[in-house]
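Visitor: Here it is: the structure, laid out below.
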Amino acid sequence: MEWGGIIGYGLFLLIYGGIYAISALGLNVQWGYTGLFNIGVGGFFLVGAYTSAIMTKGPDFSHLGGFGQPFLVGVLAGGLLAAVLALLIGIPTLRLRGDYLAIATIGIAETLRLIVTNEQQLTAGVWGIGAIPKPLWSTFGDSYNAFYAVVVLLAMVLVYFAIERGIRSPWGRVLKAVREDEAVAQAVGKDVFRFKLQALVLGAFFMGVAGALFAHFVGYISPEAFEPMNATFLVWVMLIVGGSGNSKGAMLGAFIVWVIWSGTEFVAAALPPTFGPRAHALRIVLIGLLLMAMLLWRPQGVLGEERQVSKLVRNEPAGRSAQGG
Amino acid sequence: MAQLILYGLIYGGIISLGAIGLTLLVRILKFSHFAHGDMMALGAYLTLLFRVTMGLPMWLSVALAVILTAVAAVLIDRIFYKPLRRTSPAILLIASVGVALVLRHLIQFFWGAAPQVYQRGVERPYIVWGLRIRPTQVWILVMAVVLVIAVWLFLQKTKTGKALRAMADNMDLAAVSGIDTERMVVWTWVLGAALAAAAGIMLGMDTQLRPAMGWLMLLPIFAAAILGGLGNPYGAIAGGMIIALSQELSTMFINTAYKPAVAFVLMVLLLLVRPQGLFGGKA
């Protein structure tokens, strides 16, 4: 591979890794810190992508549109609508056992895929939405990917600092208390339901933002892009590999797993075409086994959770073995 | 409409079998097993292997597939779930999502993504009281009823069944009264997986086999189990029937494409109004 190819791949790594990292950061708020089991990441991602695409496009007869809003408005709207969705799904399920939330998030993600596939006048159905505006496309031209990589990484860093600030505050400590032992958090007078709802909504907002960034980069979205594998499970594997309960881990995991995921695509592409679909299945088996191996042998992930104790106590190396739920 | 109700009963039988197994796992192992749908798919595809690839008779293929699925479930439990059982229920949930992923794509790897069937050609349906029912569907109904009765007899009459119910009620009490809990865990898996495999095979007989069939069934069987109160195997049957009938009948009012969403909407509505399920059980 010559230099151009390597730089090109590097930029893709930064952009896709960064987008996934934002999703993983969102999941980390939900699962890593609060212990909420969301297996519908793809649903929130989808809402962000479609919302932003529809908000920013000019009139198009094949689907709802014509708002022509700027990029930033689209991305924020994407995040907000994903957050609203999280609110709606959280209210009936967050007072109940954790596995109810899990199955409800699967349900919402699948239902959303049905909606975008079937409501043609809204989303153009299986045809998908094309020609999604790329911000400042004409200004950057050939070096557009480099520019977009900066945009994505900037967004990622922003999300990271926002989460870190929240987590290191009393609010963040309550989230962890809820994760470790709901009954205790309740007993000291915390409104557990509210904190869980806040964590769910905040995480979903970031997933929506990630979806919007994805839509504006690829320029074309269709229901196929939001299959549970790509949009949900990959994010889970990223968080577990990197280390749940650690924002740096979430980002690191996103880049590591994306390298593995795209690397196996190169291998699959080199195989004879008849082997193609099977190679794709095998790639996913590999990712699944990676997840299982991590859970069995290194459940804390590459980085593990940073232990936070009072400044007055000497910070001892953490010895946690697994997340509580 | 009567026709839709008939289809609903057939589909309901399939969902119920999946939901009973799931309920046992939730109740006895405290484990919401997200790979349960893919166990169904595994059973269906193993039957395809014996029936179509190896040309064995159908009854033998079904028996072998059910046994092998149960063995696979026990192995998966020993390798993946057992070491994690002590950590936390949430880790176990993720592990089952991982297992689901691996199972589904192993199926796709070996059998390909294209839909397959046990038997080619069109069956001539019987017409009874103006209702159309295919011979295969009669078989499915009979199998579902027989299996439900068999499970009921097993749980009520045999010593193992009673021990299982004791464990479901109170794990610690069961352990101190001398029940070998590890052995019961194995039994739970055997029972749950065998029922799942049977349900998957019936689904394959009724429609066709696809690698994603298990994933698509996960929502209806969970919805059925939750409707039934997650803990009561008989509630699971009622839940399965309600889900299946509403899915079928919904096609009179809304786009058929939204059939899978009906289970979800029902479940969310129920959780809002009556989180402990329609048929008691502890929430």
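Lettering and numbering for the structure tokens are positional, with chains as A, B, ... in the shown order, residues counted from 1 in each chain, and ligands counted from 1 in the shown order.
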Quick one: contact table of chain B to chain A, 8 Å max, nearest atom pair and distance in Å to one decimal per residue, counting only C-alpha atoms, chain and number order, as CSV?
Guide:
residue,atom,partner,partner_atom,distance
B:Ser32,CA,A:Asp99,CA,6.7
B:Phe80,CA,A:Met292,CA,7.3
B:Pro83,CA,A:Leu296,CA,7.3
B:Leu84,CA,A:Leu296,CA,7.0
B:Thr87,CA,A:Ala322,CA,6.6
B:Ser88,CA,A:Gly324,CA,6.0
B:Pro89,CA,A:Gly325,CA,7.0
B:Ala90,CA,A:Gly325,CA,5.5
B:Ile91,CA,A:Gln323,CA,7.5
B:Ala95,CA,A:Met292,CA,6.3
B:Gly98,CA,A:Gly288,CA,5.1
B:Val99,CA,A:Gly288,CA,7.0
B:Leu101,CA,A:Gly288,CA,5.9
B:Val102,CA,A:Val285,CA,4.7
B:Leu103,CA,A:Val285,CA,7.8
B:His105,CA,A:Ala281,CA,4.9
B:Leu106,CA,A:Val285,CA,6.6
B:Gln108,CA,A:Ala281,CA,6.1
B:Phe109,CA,A:Arg278,CA,4.8
B:Phe110,CA,A:Arg278,CA,7.7
B:Gly112,CA,A:Arg278,CA,6.8
B:Ala113,CA,A:Pro277,CA,7.7
B:Leu219,CA,A:Gly107,CA,6.6
B:Phe222,CA,A:Ile103,CA,7.4
B:Ala257,CA,A:Leu114,CA,7.2
B:Tyr258,CA,A:Leu114,CA,6.7
B:Pro260,CA,A:Thr111,CA,7.7
B:Ala261,CA,A:Thr111,CA,5.5
B:Phe264,CA,A:Gly107,CA,5.6
B:Val268,CA,A:Pro92,CA,6.9
B:Leu271,CA,A:Pro92,CA,6.3
B:Leu272,CA,A:Pro92,CA,5.2
B:Pro275,CA,A:Leu96,CA,7.5
B:Ala283,CA,A:Leu96,CA,7.8
Visitor: With only C-alpha atoms as the counted atoms, please give the residues lying no more than 7 Å from B:Thr136, apart from itself and same-chain residues fewer than 2 positions off, as a PyMOL selection string.
Guide: chain B and resi 134+138-140+205-206
Visitor: Take the residues from that selection and write them out as a PDB file, in the first residue's frame, keeping N, CA and C atoms.
Guide:
ATOM      1  N   ARG B 134     -53.195 -26.371   6.287  1.00  0.00           N
ATOM      2  CA  ARG B 134     -52.311 -27.306   5.594  1.00  0.00           C
ATOM      3  C   ARG B 134     -51.996 -28.482   6.517  1.00  0.00           C
ATOM      4  N   VAL B 138     -51.500 -28.844  10.758  1.00  0.00           N
ATOM      5  CA  VAL B 138     -52.153 -29.770  11.678  1.00  0.00           C
ATOM      6  C   VAL B 138     -51.090 -30.414  12.566  1.00  0.00           C
ATOM      7  N   TRP B 139     -50.005 -30.858  11.924  1.00  0.00           N
ATOM      8  CA  TRP B 139     -48.902 -31.453  12.674  1.00  0.00           C
ATOM      9  C   TRP B 139     -48.372 -30.507  13.734  1.00  0.00           C
ATOM     10  N   ILE B 140     -48.218 -29.248  13.340  1.00  0.00           N
ATOM     11  CA  ILE B 140     -47.674 -28.274  14.283  1.00  0.00           C
ATOM     12  C   ILE B 140     -48.584 -28.144  15.501  1.00  0.00           C
ATOM     13  N   MET B 205     -41.188 -25.413   9.720  1.00  0.00           N
ATOM     14  CA  MET B 205     -42.175 -26.190   8.965  1.00  0.00           C
ATOM     15  C   MET B 205     -43.284 -25.286   8.437  1.00  0.00           C
ATOM     16  N   ASP B 206     -43.688 -24.338   9.272  1.00  0.00           N
ATOM     17  CA  ASP B 206     -44.811 -23.481   8.897  1.00  0.00           C
ATOM     18  C   ASP B 206     -44.418 -22.499   7.801  1.00  0.00           C
TER      19      ASP B 206
END
Visitor: With only C-alpha atoms as the atoms that count, which of B:Ile94, B:Thr256, B:Arg124, B:Leu227 lies nearest to B:Val273?
Guide: B:Leu227
Visitor: Using DSSP on the backbone coordinates, identify all residues within stretch 36-275 of chain B classified as helix (DSSP H, G or I); present the result as JSON, numbers by chain.
Guide: {"B": [36, 37, 38, 39, 40, 41, 42, 43, 44, 45, 46, 47, 48, 49, 50, 51, 52, 53, 58, 59, 60, 61, 62, 63, 64, 65, 66, 67, 68, 69, 70, 71, 72, 73, 74, 75, 76, 77, 78, 79, 80, 81, 82, 83, 84, 89, 90, 91, 92, 93, 94, 95, 96, 97, 98, 99, 100, 101, 102, 103, 104, 105, 106, 107, 108, 109, 110, 111, 135, 136, 137, 138, 139, 140, 141, 142, 143, 144, 145, 146, 147, 148, 149, 150, 151, 152, 153, 154, 155, 156, 157, 159, 160, 161, 162, 163, 164, 165, 166, 167, 168, 169, 171, 172, 173, 174, 175, 176, 181, 182, 183, 184, 185, 186, 187, 188, 189, 190, 191, 192, 193, 194, 195, 196, 197, 198, 199, 200, 201, 202, 203, 204, 205, 206, 213, 214, 215, 216, 217, 218, 219, 220, 221, 222, 223, 224, 225, 226, 227, 233, 234, 235, 236, 237, 238, 239, 240, 241, 242, 243, 244, 245, 246, 247, 248, 249, 250, 256, 257, 258, 259, 260, 261, 262, 263, 264, 265, 266, 267, 268, 269, 270, 271, 272, 273]}
Visitor: Excluding same-chain residues fewer than 4 positions from B:Ala263, what lies within 9 Å of it counting only C-alpha atoms, as an mmCIF file with N, CA and C atoms, in the first residue's frame?
Guide:
data_model
loop_
_atom_site.group_PDB
_atom_site.id
_atom_site.type_symbol
_atom_site.label_atom_id
_atom_site.label_comp_id
_atom_site.auth_asym_id
_atom_site.auth_seq_id
_atom_site.Cartn_x
_atom_site.Cartn_y
_atom_site.Cartn_z
ATOM 1 N N GLY A 107 -36.930 -3.850 21.189
ATOM 2 C CA GLY A 107 -38.207 -3.607 20.533
ATOM 3 C C GLY A 107 -38.240 -2.271 19.831
ATOM 4 N N LEU B 219 -38.302 -11.123 20.260
ATOM 5 C CA LEU B 219 -39.249 -10.135 20.785
ATOM 6 C C LEU B 219 -40.603 -10.767 21.118
ATOM 7 N N PRO B 220 -41.222 -11.525 20.190
ATOM 8 C CA PRO B 220 -42.491 -12.170 20.553
ATOM 9 C C PRO B 220 -42.382 -13.109 21.758
ATOM 10 N N ILE B 221 -41.297 -13.906 21.844
ATOM 11 C CA ILE B 221 -41.270 -14.846 22.974
ATOM 12 C C ILE B 221 -41.027 -14.115 24.287
ATOM 13 N N ALA B 223 -42.023 -11.035 24.870
ATOM 14 C CA ALA B 223 -43.286 -10.354 25.144
ATOM 15 C C ALA B 223 -44.283 -11.343 25.736
ATOM 16 N N ALA B 224 -44.317 -12.562 25.180
ATOM 17 C CA ALA B 224 -45.238 -13.578 25.695
ATOM 18 C C ALA B 224 -44.885 -13.944 27.133
ATOM 19 N N ILE B 243 -50.228 -12.816 22.251
ATOM 20 C CA ILE B 243 -49.327 -12.132 21.317
ATOM 21 C C ILE B 243 -49.622 -12.570 19.884
ATOM 22 N N ALA B 244 -49.716 -13.902 19.687
ATOM 23 C CA ALA B 244 -49.897 -14.413 18.329
ATOM 24 C C ALA B 244 -51.232 -13.966 17.744
ATOM 25 N N SER B 246 -53.049 -11.361 18.589
ATOM 26 C CA SER B 246 -53.101 -9.925 18.270
ATOM 27 C C SER B 246 -52.252 -9.606 17.052
ATOM 28 N N GLN B 247 -51.139 -10.334 16.886
ATOM 29 C CA GLN B 247 -50.330 -10.068 15.683
ATOM 30 C C GLN B 247 -51.122 -10.405 14.417
ATOM 31 N N LYS B 259 -46.536 -6.171 11.750
ATOM 32 C CA LYS B 259 -46.892 -7.288 12.616
ATOM 33 C C LYS B 259 -45.892 -7.478 13.766
ATOM 34 N N MET B 267 -46.424 -5.271 24.813
ATOM 35 C CA MET B 267 -45.574 -5.467 25.975
ATOM 36 C C MET B 267 -45.386 -4.161 26.741
ATOM 37 N N VAL B 268 -45.091 -3.079 25.991
ATOM 38 C CA VAL B 268 -44.871 -1.795 26.654
ATOM 39 C C VAL B 268 -46.146 -1.330 27.359
#
